[in-house]
Amino acid sequence: MSPGTIALAVSQSGETADTLAALRWCKQQGLTTAALVNAHHSSMAREADHMWPTNAGAEIGVASTKAFTAQVCALSALAVTAAVQRGTITP
């Protein structure tokens, strides 16, 4: 972990115990944290420094395909944005 590092927690519900514990540990280490979650009022959304909602809608089942797809799209957009900002790819 180096200065400027951001820890990103990804969770459909925002209540996944191991991911929430990792987010809390990262905060204790002084890292900036972000949560990519579908549940806006979840523990992760409240505890992270930044919350990036996927807005995929209510979960009907444990394995929510729409929430997973929304997370993959958001992470892809984040990767492209980071690469553009670093100058490793062009817009």
# chains A, B, ... in the order shown; residues from 1 in each chain; ligands from 1

$ residues_around --residues "A:Met1" --least-positions-apart "2" --cutoff "10 Å" --atoms "only C-alpha atoms" --output "PDB file with N, CA, C and O atoms, in the first residue's frame"
ATOM      1  N   PRO A   3       1.048   5.700  -0.739  1.00  0.00           N
ATOM      2  CA  PRO A   3       0.217   6.915  -0.705  1.00  0.00           C
ATOM      3  C   PRO A   3      -0.577   7.070  -2.004  1.00  0.00           C
ATOM      4  O   PRO A   3      -0.067   6.778  -3.085  1.00  0.00           O
ATOM      5  N   GLY A   4      -1.803   7.485  -1.873  1.00  0.00           N
ATOM      6  CA  GLY A   4      -2.656   7.644  -3.038  1.00  0.00           C
ATOM      7  C   GLY A   4      -3.426   6.397  -3.416  1.00  0.00           C
ATOM      8  O   GLY A   4      -4.199   6.399  -4.373  1.00  0.00           O
ATOM      9  N   THR A   5      -3.220   5.312  -2.675  1.00  0.00           N
ATOM     10  CA  THR A   5      -3.931   4.064  -2.954  1.00  0.00           C
ATOM     11  C   THR A   5      -5.380   4.191  -2.498  1.00  0.00           C
ATOM     12  O   THR A   5      -5.665   4.753  -1.453  1.00  0.00           O
ATOM     13  N   ILE A   6      -6.282   3.652  -3.310  1.00  0.00           N
ATOM     14  CA  ILE A   6      -7.689   3.599  -2.913  1.00  0.00           C
ATOM     15  C   ILE A   6      -8.093   2.130  -2.855  1.00  0.00           C
ATOM     16  O   ILE A   6      -7.718   1.343  -3.728  1.00  0.00           O
ATOM     17  N   ALA A   7      -8.797   1.768  -1.813  1.00  0.00           N
ATOM     18  CA  ALA A   7      -9.293   0.399  -1.659  1.00  0.00           C
ATOM     19  C   ALA A   7     -10.734   0.373  -2.139  1.00  0.00           C
ATOM     20  O   ALA A   7     -11.560   1.155  -1.673  1.00  0.00           O
ATOM     21  N   CYS A  26      -8.898  -1.688   5.719  1.00  0.00           N
ATOM     22  CA  CYS A  26      -8.248  -0.698   4.862  1.00  0.00           C
ATOM     23  C   CYS A  26      -8.397   0.708   5.433  1.00  0.00           C
ATOM     24  O   CYS A  26      -7.451   1.496   5.405  1.00  0.00           O
ATOM     25  N   GLN A  29      -5.992   1.258   8.117  1.00  0.00           N
ATOM     26  CA  GLN A  29      -4.636   1.439   7.612  1.00  0.00           C
ATOM     27  C   GLN A  29      -4.445   2.831   7.012  1.00  0.00           C
ATOM     28  O   GLN A  29      -3.359   3.180   6.554  1.00  0.00           O
ATOM     29  N   GLY A  30      -5.510   3.622   6.990  1.00  0.00           N
ATOM     30  CA  GLY A  30      -5.426   4.985   6.484  1.00  0.00           C
ATOM     31  C   GLY A  30      -5.679   5.140   5.002  1.00  0.00           C
ATOM     32  O   GLY A  30      -5.440   6.209   4.439  1.00  0.00           O
ATOM     33  N   LEU A  31      -6.164   4.079   4.360  1.00  0.00           N
ATOM     34  CA  LEU A  31      -6.448   4.167   2.926  1.00  0.00           C
ATOM     35  C   LEU A  31      -7.779   4.864   2.682  1.00  0.00           C
ATOM     36  O   LEU A  31      -8.708   4.759   3.479  1.00  0.00           O
TER      37      LEU A  31
END

$ select_by_dssp --residues "chain A" --states "alpha helix (DSSP H)" --output "PyMOL selection string"
chain A and resi 17-28+43-47+65-86

$ select_by_dssp --residues "stretch 8-59 of chain A" --states "strand (DSSP E)" --output "ChimeraX atom specification"
/A:8-11,32-37,50-53

$ write_last_selection --atoms "C-alpha atoms" --output "compact mmCIF listing (two decimals), in the first residue's frame"
# COMPACT_ATOMS: atom_id res chain seq x y z
CA LEU A 8 -12.37 -0.62 -3.64
CA ALA A 9 -14.94 -2.92 -2.05
CA VAL A 10 -17.37 -4.55 -4.48
CA SER A 11 -20.56 -6.05 -3.10
CA THR A 32 -9.16 6.05 1.10
CA THR A 33 -12.03 3.63 0.50
CA ALA A 34 -14.75 3.30 -2.09
CA ALA A 35 -17.69 0.91 -2.29
CA LEU A 36 -19.26 -0.24 -5.54
CA VAL A 37 -22.65 -1.45 -4.32
CA HIS A 50 -16.87 7.19 -1.56
CA MET A 51 -19.92 5.25 -2.70
CA TRP A 52 -20.40 4.31 -6.33
CA PRO A 53 -23.94 2.94 -6.79

$ atom_distance --atom1 "atom CA of A:Ala58" --atom2 "atom CA of A:Gln71"
14.2 Å

$ closest_residue --among "A:Ala82, A:Asn55, A:Ser43, A:Thr88" --to "A:Ala70" --atoms "only C-alpha atoms"
A:Asn55

$ atom_distance --atom1 "atom CA of A:Lys66" --atom2 "atom CA of A:Ala45"
18.9 Å

$ atom_distance --atom1 "atom CA of A:Phe68" --atom2 "atom CA of A:Thr19"
15.6 Å
